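Structure file entry-v2.txt; described as compact mmCIF, C-alpha atoms and all ligand atoms.
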```txt
# COMPACT_ATOMS: atom_id res chain seq x y z
CA MET A 180 0.00 0.00 0.00
CA THR A 181 1.20 3.47 -0.75
CA ARG A 182 0.46 6.93 0.65
CA HIS A 183 1.49 8.80 -2.52
CA LEU A 184 -0.73 9.32 -5.55
CA TYR A 185 0.19 10.92 -8.89
CA VAL A 186 -2.57 11.84 -11.36
CA HIS A 187 -1.66 12.77 -14.94
CA LEU A 188 -3.76 15.39 -16.76
CA PRO A 189 -2.29 15.52 -20.27
CA PHE A 190 -4.29 18.31 -21.93
CA CYS A 191 -2.53 21.51 -23.05
CA ALA A 192 -3.69 24.51 -25.10
CA HIS A 193 -0.71 24.02 -27.42
CA ARG A 194 2.58 22.17 -27.45
CA CYS A 195 5.76 24.00 -26.36
CA GLY A 196 8.70 23.04 -28.57
CA TYR A 197 11.03 21.88 -25.78
CA CYS A 198 8.48 19.68 -24.00
CA ASP A 199 8.76 15.91 -23.96
CA PHE A 200 5.96 15.06 -21.52
CA VAL A 201 2.91 12.98 -22.42
CA THR A 202 0.56 15.73 -23.63
CA VAL A 203 -2.50 16.06 -25.82
CA VAL A 204 -3.47 19.37 -27.45
CA GLY A 205 -7.03 20.65 -26.97
CA ARG A 206 -9.66 17.87 -27.01
CA LYS A 207 -12.02 19.76 -24.70
CA ALA A 208 -14.79 17.33 -25.68
CA GLN A 209 -12.81 14.45 -24.16
CA HIS A 210 -11.91 15.97 -20.79
CA ASP A 211 -14.97 14.56 -19.04
CA ALA A 212 -14.44 11.05 -20.41
CA TYR A 213 -10.79 11.20 -19.36
CA VAL A 214 -11.71 12.19 -15.81
CA ASP A 215 -14.22 9.31 -15.71
CA ALA A 216 -11.40 7.01 -16.80
CA LEU A 217 -9.06 8.34 -14.08
CA LEU A 218 -11.71 7.76 -11.43
CA ALA A 219 -12.37 4.27 -12.82
CA GLU A 220 -8.64 3.45 -12.67
CA LEU A 221 -8.57 4.72 -9.07
CA ALA A 222 -11.53 2.50 -8.18
CA LEU A 223 -9.83 -0.54 -9.74
CA GLU A 224 -6.56 0.14 -7.89
CA CYS A 225 -7.93 1.46 -4.61
CA GLU A 226 -6.61 -1.47 -2.58
CA LEU A 227 -3.07 -0.28 -3.44
CA LEU A 228 -3.73 3.04 -1.74
CA ALA A 229 -3.42 3.43 2.04
CA PRO A 230 -6.48 4.85 3.83
CA ASP A 231 -4.43 7.84 5.00
CA VAL A 232 -3.00 9.29 1.80
CA GLU A 233 -0.12 11.68 2.49
CA THR A 234 0.39 13.39 -0.88
CA ILE A 235 -1.43 13.81 -4.19
CA PHE A 236 0.19 15.49 -7.18
CA LEU A 237 -1.82 16.50 -10.24
CA GLY A 238 0.75 16.90 -13.01
CA GLY A 239 0.64 17.40 -16.73
CA GLY A 240 0.24 18.42 -19.36
CA THR A 241 -1.59 21.39 -17.96
CA PRO A 242 -3.96 20.19 -15.22
CA THR A 243 -5.50 23.68 -15.04
CA PHE A 244 -6.35 23.63 -18.76
CA THR A 245 -8.74 20.73 -18.03
CA ALA A 246 -12.36 21.90 -18.34
CA LEU A 247 -13.23 23.44 -14.97
CA HIS A 248 -16.20 21.19 -14.19
CA ALA A 249 -14.18 18.08 -15.11
CA LEU A 250 -11.27 19.14 -12.88
CA GLU A 251 -13.77 19.86 -10.13
CA ARG A 252 -15.28 16.37 -10.46
CA LEU A 253 -11.82 14.83 -10.31
CA LEU A 254 -10.86 16.70 -7.14
CA VAL A 255 -14.14 15.73 -5.49
CA GLY A 256 -13.52 12.07 -6.43
CA LEU A 257 -9.96 11.88 -5.07
CA PRO A 258 -9.23 10.95 -1.46
CA SER A 259 -8.17 13.78 0.85
CA ALA A 260 -4.47 14.11 1.56
CA GLU A 261 -2.10 16.16 3.69
CA GLU A 262 -0.40 17.76 0.67
CA VAL A 263 -2.34 18.22 -2.57
CA THR A 264 -0.35 19.90 -5.37
CA VAL A 265 -1.65 21.03 -8.75
CA GLU A 266 0.63 22.11 -11.61
CA ALA A 267 -0.65 25.25 -13.30
CA ASN A 268 0.28 27.32 -16.32
CA PRO A 269 0.05 31.01 -15.36
CA GLU A 270 -2.35 31.96 -18.18
CA THR A 271 -4.92 29.45 -16.88
CA VAL A 272 -5.04 30.83 -13.34
CA THR A 273 -8.16 32.95 -12.90
CA GLN A 274 -9.69 34.07 -9.63
CA GLU A 275 -12.41 31.46 -10.13
CA LEU A 276 -9.93 28.62 -10.72
CA ALA A 277 -7.78 29.61 -7.72
CA ARG A 278 -10.84 29.67 -5.43
CA MET A 279 -12.14 26.37 -6.78
CA LEU A 280 -8.78 24.64 -6.20
CA ARG A 281 -8.44 26.00 -2.66
CA GLY A 282 -12.05 25.14 -1.84
CA LEU A 283 -11.53 21.52 -2.90
CA GLY A 284 -8.51 20.81 -0.71
CA VAL A 285 -5.60 21.78 -2.98
CA ASN A 286 -2.97 23.39 -0.72
CA ARG A 287 0.04 23.72 -3.03
CA VAL A 288 0.34 25.07 -6.58
CA SER A 289 3.35 24.68 -8.84
CA LEU A 290 3.38 27.47 -11.44
CA GLY A 291 5.23 26.93 -14.72
CA VAL A 292 6.97 30.31 -14.94
CA GLN A 293 10.12 29.25 -16.86
CA SER A 294 11.44 32.81 -17.36
CA PHE A 295 10.47 36.46 -16.90
CA GLN A 296 12.07 37.62 -20.19
CA PRO A 297 9.51 38.05 -22.99
CA ARG A 298 12.00 37.11 -25.72
CA LEU A 299 13.03 33.90 -23.92
CA LEU A 300 9.39 33.01 -23.31
CA THR A 301 8.94 33.31 -27.08
CA VAL A 302 11.88 30.95 -27.68
CA LEU A 303 10.13 28.44 -25.40
CA ASP A 304 6.74 28.95 -27.17
CA ARG A 305 5.23 30.08 -23.88
CA VAL A 306 1.92 31.94 -23.78
CA ALA A 307 2.27 33.60 -20.36
CA GLN A 308 4.08 36.92 -20.16
CA PRO A 309 5.73 38.18 -16.94
CA ASP A 310 2.58 40.11 -16.00
CA THR A 311 0.50 36.96 -16.47
CA VAL A 312 2.75 35.23 -13.94
CA ARG A 313 2.39 38.03 -11.41
CA ARG A 314 -1.40 38.11 -11.86
CA ALA A 315 -1.64 34.31 -11.41
CA PHE A 316 0.53 34.49 -8.30
CA TYR A 317 -1.71 37.15 -6.70
CA HIS A 318 -4.91 35.26 -7.61
CA LEU A 319 -3.44 32.25 -5.80
CA ARG A 320 -2.39 34.31 -2.77
CA ASP A 321 -5.85 35.99 -2.66
CA ALA A 322 -7.49 32.56 -2.68
CA GLY A 323 -5.43 31.62 0.40
CA PHE A 324 -2.52 29.64 -1.07
CA ASP A 325 0.47 29.86 1.27
CA ASN A 326 2.54 27.25 -0.53
CA ILE A 327 3.36 28.24 -4.11
CA SER A 328 6.24 26.91 -6.18
CA PHE A 329 7.74 28.36 -9.37
CA ASP A 330 9.40 26.32 -12.11
CA LEU A 331 12.26 28.16 -13.83
CA ILE A 332 14.39 26.95 -16.72
CA TYR A 333 17.98 28.03 -17.41
CA GLY A 334 20.21 27.49 -20.44
CA ILE A 335 17.53 28.78 -22.84
CA PRO A 336 19.04 29.72 -26.23
CA GLY A 337 19.79 33.44 -26.13
CA GLN A 338 19.81 33.65 -22.32
CA SER A 339 22.73 35.50 -20.75
CA PRO A 340 23.93 35.27 -17.13
CA ALA A 341 22.34 38.72 -16.63
CA ASP A 342 18.99 37.33 -17.90
CA LEU A 343 19.21 34.49 -15.42
CA GLU A 344 20.07 36.89 -12.59
CA SER A 345 17.08 38.97 -13.55
CA ASP A 346 14.79 35.87 -13.64
CA LEU A 347 15.94 34.87 -10.17
CA GLY A 348 15.48 38.46 -8.95
CA GLU A 349 11.92 38.64 -10.35
CA ALA A 350 11.07 35.31 -8.75
CA LEU A 351 12.55 36.34 -5.40
CA ALA A 352 10.62 39.63 -5.49
CA LEU A 353 7.37 37.63 -5.47
CA GLY A 354 8.66 35.37 -2.69
CA PRO A 355 7.27 31.90 -3.52
CA GLU A 356 7.69 29.27 -0.83
CA HIS A 357 9.45 26.92 -3.25
CA LEU A 358 11.43 27.07 -6.50
CA SER A 359 12.42 24.33 -8.96
CA CYS A 360 15.20 25.39 -11.34
CA TYR A 361 15.82 23.08 -14.26
CA GLU A 362 18.57 22.99 -16.83
CA LEU A 363 16.89 23.05 -20.26
CA GLU A 364 16.98 19.59 -21.77
CA ALA A 365 16.56 19.47 -25.53
CA LYS A 366 15.94 16.08 -27.10
CA PRO A 367 18.05 15.29 -30.16
CA GLY A 368 15.98 15.05 -33.32
CA THR A 369 13.21 17.43 -32.21
CA ARG A 370 12.14 20.56 -34.08
CA PHE A 371 13.30 22.65 -31.12
CA THR A 372 16.81 21.21 -31.24
CA TYR A 373 16.96 21.70 -34.99
CA GLU A 374 15.82 25.34 -34.76
CA HIS A 375 18.04 26.28 -31.81
CA GLY A 376 21.02 23.99 -32.41
CA GLU A 377 23.75 26.63 -32.21
CA GLY A 378 22.21 28.43 -29.25
CA LEU A 379 21.93 25.13 -27.38
CA VAL A 380 25.58 24.25 -28.02
CA ARG A 381 26.65 27.67 -26.73
CA GLN A 382 24.56 27.23 -23.58
CA ALA A 383 25.89 23.71 -22.89
CA ASP A 384 29.30 25.19 -21.99
CA ALA A 385 27.75 27.68 -19.60
CA MET A 386 25.41 25.26 -17.74
CA GLU A 387 27.72 24.67 -14.79
CA SER A 388 28.14 28.39 -14.14
CA TYR A 389 24.35 28.92 -14.43
CA PHE A 390 23.77 26.18 -11.88
CA GLU A 391 26.31 27.81 -9.53
CA LEU A 392 24.56 31.16 -9.99
CA VAL A 393 21.16 29.61 -9.18
CA VAL A 394 22.43 27.89 -6.02
CA ALA A 395 24.40 30.91 -4.78
CA THR A 396 21.54 33.35 -5.41
CA LEU A 397 18.79 31.26 -3.85
CA THR A 398 20.76 30.07 -0.82
CA GLY A 399 21.98 33.66 -0.35
CA ASN A 400 18.34 34.75 -0.16
CA GLY A 401 17.21 32.34 2.54
CA TYR A 402 16.24 29.30 0.48
CA ARG A 403 17.34 25.79 1.40
CA TRP A 404 18.95 23.85 -1.46
CA TYR A 405 17.33 20.60 -0.38
CA GLU A 406 17.49 18.71 -3.69
CA THR A 407 19.67 19.17 -6.77
CA ALA A 408 17.09 21.32 -8.59
CA ASN A 409 14.80 22.27 -5.69
CA PHE A 410 14.82 25.04 -3.14
CA CYS A 411 12.41 25.97 -0.34
CA ARG A 412 12.11 28.93 1.96
CA GLU A 413 13.64 28.29 5.38
CA GLY A 414 11.55 29.05 8.44
CA ASP A 415 9.26 27.37 10.92
CA ARG A 416 7.45 25.26 8.27
CA ASP A 417 9.07 22.46 6.28
CA LEU A 418 8.31 23.62 2.74
CA ARG A 419 9.98 20.81 0.82
CA SER A 420 7.70 19.10 -1.71
CA ARG A 421 6.52 16.09 0.29
CA HIS A 422 5.34 14.33 -2.86
CA ASN A 423 8.65 14.64 -4.67
CA LEU A 424 10.53 13.74 -1.47
CA ALA A 425 8.65 10.43 -1.55
CA TYR A 426 10.20 9.73 -5.00
CA TRP A 427 13.68 10.77 -3.89
CA LEU A 428 13.43 8.64 -0.73
CA GLY A 429 12.45 5.60 -2.78
CA ARG A 430 8.90 5.29 -1.41
CA ASP A 431 6.15 3.53 -3.36
CA TYR A 432 3.68 5.59 -5.40
CA LEU A 433 0.61 4.95 -7.51
CA GLY A 434 0.27 6.82 -10.82
CA LEU A 435 -3.06 7.23 -12.63
CA GLY A 436 -3.62 8.37 -16.20
CA ILE A 437 -1.91 8.07 -19.57
CA GLY A 438 1.85 7.59 -19.39
CA ALA A 439 1.75 7.51 -15.57
CA VAL A 440 4.31 5.35 -13.78
CA SER A 441 3.66 3.39 -10.57
CA THR A 442 6.18 1.67 -8.32
CA ILE A 443 4.73 -0.60 -5.68
CA GLU A 444 6.36 -3.40 -3.69
CA GLY A 445 9.19 -3.98 -6.14
CA ARG A 446 6.96 -3.80 -9.24
CA ARG A 447 6.96 -0.90 -11.71
CA TRP A 448 4.57 -0.26 -14.57
CA ARG A 449 3.77 2.53 -16.99
CA ASN A 450 0.30 3.11 -18.41
CA THR A 451 -0.21 3.39 -22.15
CA PRO A 452 0.40 6.94 -23.42
CA ARG A 453 -2.57 6.57 -25.84
CA LEU A 454 -5.58 8.57 -24.75
CA ARG A 455 -8.21 6.69 -26.73
CA ALA A 456 -7.05 3.22 -25.72
CA TYR A 457 -6.84 4.33 -22.07
CA VAL A 458 -10.36 5.77 -22.02
CA GLU A 459 -11.89 2.80 -23.88
CA GLN A 460 -10.30 0.22 -21.62
CA LEU A 461 -11.48 1.99 -18.51
CA GLU A 462 -14.96 2.45 -19.94
CA ALA A 463 -15.00 -1.35 -20.11
CA ARG A 464 -13.79 -1.38 -16.46
CA GLU A 465 -10.53 -3.03 -17.47
CA LEU A 466 -7.07 -1.94 -16.38
CA PRO A 467 -5.31 0.05 -19.12
CA ALA A 468 -2.54 -1.46 -21.22
CA ARG A 469 0.73 -1.25 -19.29
CA GLU A 470 4.41 -1.81 -19.75
CA HIS A 471 5.93 -3.67 -16.82
CA GLU A 472 9.55 -3.04 -15.92
CA PRO A 473 11.46 -5.65 -13.94
CA LEU A 474 12.96 -4.14 -10.79
CA PRO A 475 15.60 -6.51 -9.42
CA VAL A 476 16.87 -5.67 -5.93
CA ASP A 477 20.22 -4.30 -7.16
CA VAL A 478 18.38 -1.86 -9.49
CA GLN A 479 16.23 -0.72 -6.56
CA LEU A 480 19.33 -0.16 -4.42
CA ARG A 481 21.11 1.76 -7.17
CA GLU A 482 18.08 4.01 -7.58
CA ARG A 483 18.09 4.61 -3.81
CA VAL A 484 21.69 5.86 -4.05
CA MET A 485 21.16 7.93 -7.22
CA LEU A 486 18.03 9.64 -5.89
CA GLY A 487 19.01 9.80 -2.20
CA LEU A 488 22.27 11.62 -2.94
CA ARG A 489 20.35 14.42 -4.69
CA LEU A 490 19.14 15.49 -1.23
CA ASP A 491 20.93 17.63 1.32
CA GLU A 492 20.32 15.09 4.09
CA PRO A 493 22.69 12.12 4.46
CA LEU A 494 21.63 8.79 3.01
CA SER A 495 21.72 5.81 5.36
CA VAL A 496 24.00 3.22 3.75
CA ASP A 497 22.38 0.39 5.70
CA GLY A 498 21.81 -2.42 3.18
CA LEU A 499 23.37 -0.43 0.32
CA GLY A 500 26.89 -1.85 0.79
CA ASP A 501 26.70 -4.14 -2.24
CA VAL A 502 26.09 -1.36 -4.76
CA ILE A 503 28.64 1.16 -3.43
CA ASP A 504 32.21 0.99 -4.71
CA LEU A 505 34.25 1.57 -1.54
CA SER A 506 37.49 2.48 -3.30
CA ALA A 507 35.64 5.04 -5.45
CA LEU A 508 34.04 6.40 -2.27
CA GLU A 509 37.45 6.84 -0.62
CA ARG A 510 38.69 8.68 -3.73
CA LEU A 511 35.66 10.98 -3.73
CA GLU A 512 36.18 11.68 -0.03
CA ARG A 513 39.81 12.63 -0.70
CA LEU A 514 38.61 14.96 -3.47
CA GLY A 515 36.17 16.62 -1.05
CA LEU A 516 33.11 15.48 -3.03
CA ALA A 517 31.57 13.00 -0.56
CA VAL A 518 31.50 12.56 3.24
CA ARG A 519 30.78 9.51 5.37
CA SER A 520 29.71 9.52 9.00
CA ASN A 521 28.05 6.97 11.30
CA GLY A 522 26.61 4.70 8.63
CA SER A 523 25.46 7.47 6.35
CA LEU A 524 26.75 9.10 3.21
CA ALA A 525 26.27 12.53 1.66
CA LEU A 526 27.76 14.57 -1.16
CA THR A 527 29.42 17.87 -0.28
CA ALA A 528 28.10 21.03 -1.93
CA ARG A 529 30.75 20.62 -4.66
CA GLY A 530 29.77 16.97 -5.11
CA ARG A 531 26.10 17.91 -5.45
CA MET A 532 27.03 20.55 -7.98
CA LEU A 533 28.77 17.92 -10.10
CA GLY A 534 25.75 15.66 -9.51
CA GLY A 535 25.04 12.52 -11.51
CA GLY A 536 28.65 11.93 -12.58
CA VAL A 537 29.82 11.69 -8.97
CA THR A 538 26.99 9.33 -8.05
CA ALA A 539 27.67 7.15 -11.09
CA ASP A 540 31.33 6.85 -9.94
CA LEU A 541 30.15 5.65 -6.55
CA LEU A 542 28.09 2.78 -7.88
CA ALA A 543 29.86 -0.57 -8.04
C1 LIG A 601 5.12 18.71 -16.50
S1 LIG A 601 6.06 20.09 -16.89
C2 LIG A 601 4.89 21.27 -17.38
C3 LIG A 601 3.92 21.89 -16.47
C4 LIG A 601 3.11 22.98 -17.12
N1 LIG A 601 2.32 22.47 -18.20
C5 LIG A 601 3.96 24.11 -17.69
O1 LIG A 601 4.28 24.06 -18.85
O2 LIG A 601 4.27 24.99 -16.93
C6 LIG A 601 6.76 20.61 -15.38
C7 LIG A 601 8.02 21.43 -15.53
O3 LIG A 601 9.04 20.70 -16.14
C8 LIG A 601 9.97 21.61 -16.70
N2 LIG A 601 10.34 21.16 -18.03
C9 LIG A 601 9.52 20.71 -18.99
N3 LIG A 601 10.23 20.38 -20.09
C10 LIG A 601 11.53 20.64 -19.82
C11 LIG A 601 12.76 20.52 -20.53
N4 LIG A 601 12.78 20.07 -21.77
N5 LIG A 601 13.91 20.87 -19.91
C12 LIG A 601 13.89 21.32 -18.65
N6 LIG A 601 12.77 21.46 -17.91
C13 LIG A 601 11.60 21.13 -18.49
C14 LIG A 601 9.29 22.98 -16.76
O4 LIG A 601 9.92 23.86 -15.84
C15 LIG A 601 7.87 22.67 -16.36
O5 LIG A 601 7.26 23.71 -15.65
S1 LIG A 602 2.19 23.61 -21.47
FE1 LIG A 602 3.65 22.44 -20.21
S2 LIG A 602 3.13 20.29 -20.49
FE2 LIG A 602 2.07 21.47 -22.11
S3 LIG A 602 3.42 21.37 -23.87
FE3 LIG A 602 3.96 23.24 -22.74
S4 LIG A 602 5.58 22.60 -21.31
FE4 LIG A 602 4.61 20.74 -22.05
```
Serialized structure, structure tokens:
Amino acid sequence: MTRHLYVHLPFCAHRCGYCDFVTVVGRKAQHDAYVDALLAELALECELLAPDVETIFLGGGTPTFTALHALERLLVGLPSAEEVTVEANPETVTQELARMLRGLGVNRVSLGVQSFQPRLLTVLDRVAQPDTVRRAFYHLRDAGFDNISFDLIYGIPGQSPADLESDLGEALALGPEHLSCYELEAKPGTRFTYEHGEGLVRQADAMESYFELVVATLTGNGYRWYETANFCREGDRDLRSRHNLAYWLGRDYLGLGIGAVSTIEGRRWRNTPRLRAYVEQLEARELPAREHEPLPVDVQLRERVMLGLRLDEPLSVDGLGDVIDLSALERLERLGLAVRSNGSLALTARGRMLGGGVTADLLA
């Protein structure tokens, strides 16, 4: 049984060039049927869900592009939970939507800001302008949201260090409780990569310095760098994303909807990404088509190390001995990239900055 539920809402008004998530453009006429399918999948899988759900995360796509009455029906049909997050695109956040979300138990909103520079928003095919972001933020605050997160992207073609400083400054001026800052990933072979090839190559060389700028600026302004790409305001409340922490700590989770992944008791599966097949199967009260991924114990342990070392809290190495290369660990300690103490292991700030490469070295 798991206490963490992910629900995928794939609909978007349009497709942004850099995006590789499972999304479907428009299809307003199918939103209701999709929500019915989600609730049917939940009913079929309800014995996997603990009675006291801790976190629910509605991700997308653009959950807040879903027809309002359909989104409302979904929220009413979900169990209650201690943390309920909804991802929102700024241009979809009206006063009405913000009030509806708050009224139905949503207590955290993750806003896809990406940048505050109009020309970089154009490069990313974004609809929201900086003023749209500010308006969305104040609608959420007015509706009573005291836990708002911003997503920012750096390494956008044409972005300079001064642009990034300005983005961070604009975000800090609004004072969200949480910030996720992602390095732009461009998939080879996509239209975006083809159109921005040179700009992307130029940015690749600057990524490390952008990352350093992000960490220095946010930690210098009272945010805790608690995960490689995630920061939360320090204070009397723990403002880390409890849902994402569950992933990083290797807890089980149930995912509903097209393309959604679940990991429960050593089994992992991914739902079909095809909307029509998903809806039809659930209309027939059958589980959707799924891909099952074998998860042998050593793979589970490796994932624990890879994800656990992204956090700023030490990882207990109890039971992880077989997948850690002790001579590599000693070398990394000598280089000041990792530290061991009392049965736990952590990366130093420099080690976290270098990230995945250091962790890969550690794995036997
Ligand atoms: C599920 S996505 C999109 C949520 C929402 N529809 C939006 O566009 O704001 C969540 C976040 O992932 C990040 N993201 C999406 N594609 C990315 C990419 N190619 N590289 C880096 N970050 C990306 C963006 O910051 C985005 O807000
Ligand atoms: S709105 Fe978000 S999920 Fe939809 S295409 Fe753009 S980045 Fe992807």
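Interatomic distance, CA of Pro269 in chain A against CA of Leu379 in chain A: 25.6 Å.
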Closest-contact table, chain A side, partner ligand LIG 601 (chain A), 7 Å, counting only C-alpha atoms and all ligand atoms, as a tab-separated table:
```
residue	atom	partner	partner_atom	distance
A:Cys191	CA	A:LIG601	N1	6.9
A:Tyr197	CA	A:LIG601	N4	4.7
A:Cys198	CA	A:LIG601	N3	4.3
A:Asp199	CA	A:LIG601	N3	6.1
A:Phe200	CA	A:LIG601	C1	6.3
A:Gly238	CA	A:LIG601	C1	5.9
A:Gly239	CA	A:LIG601	C1	4.7
A:Gly240	CA	A:LIG601	N1	4.7
A:Thr241	CA	A:LIG601	N1	4.1
A:Glu266	CA	A:LIG601	C3	5.9
A:Ala267	CA	A:LIG601	C4	5.8
A:Asn268	CA	A:LIG601	O2	4.7
A:Leu290	CA	A:LIG601	O2	6.1
A:Gly291	CA	A:LIG601	O2	3.1
A:Val292	CA	A:LIG601	O2	6.3
A:Gln293	CA	A:LIG601	O4	5.5
A:Asp330	CA	A:LIG601	O4	4.5
A:Leu331	CA	A:LIG601	O4	5.3
A:Ile332	CA	A:LIG601	O4	5.5
A:Tyr361	CA	A:LIG601	N6	5.0
A:Glu362	CA	A:LIG601	C12	5.3
A:Leu363	CA	A:LIG601	N5	3.7
A:Glu364	CA	A:LIG601	N5	3.8
A:Ala365	CA	A:LIG601	N4	5.4
```
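The residue that comes closest to ligand LIG 602 (chain A), out of A:Ala383, A:Leu466, A:Val306, A:Leu253 and on the basis of all atoms listed in the file, is A:Val306.
Look at Leu228 in chain A: the protein and nucleic acid residues within 7 Å of it, using only C-alpha atoms and passing over chain neighbours fewer than 2 places away, are Met180, Thr181, Arg182, Cys225, Glu226 and Pro230 of chain A.
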(request) Select, counting all atoms listed in the file, all protein, DNA and RNA residues no farther than 10 Å from (14.6, 30.9, 8.4) in file coordinates, and express the selection as a ChimeraX atom specification. (result) /A:401-403,412-416
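CA of Arg483 in chain A is found 27.2 Å from CA of Leu221 in chain A.
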(message) As an exercise, work out the distance from CA of Pro189 in chain A to CA of Val255 in chain A in Å and give it to one decimal place.
(response)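 Computing the Euclidean distance for CA of Pro189 in chain A and CA of Val255 in chain A yields 18.9 Å.
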(request) Name all residues at most 6 Å from range 499-508 of chain A (count all atoms listed in the file; drop same-chain ones fewer than 6 positions away) and give them as number ranges by chain. (result) A: 541-543
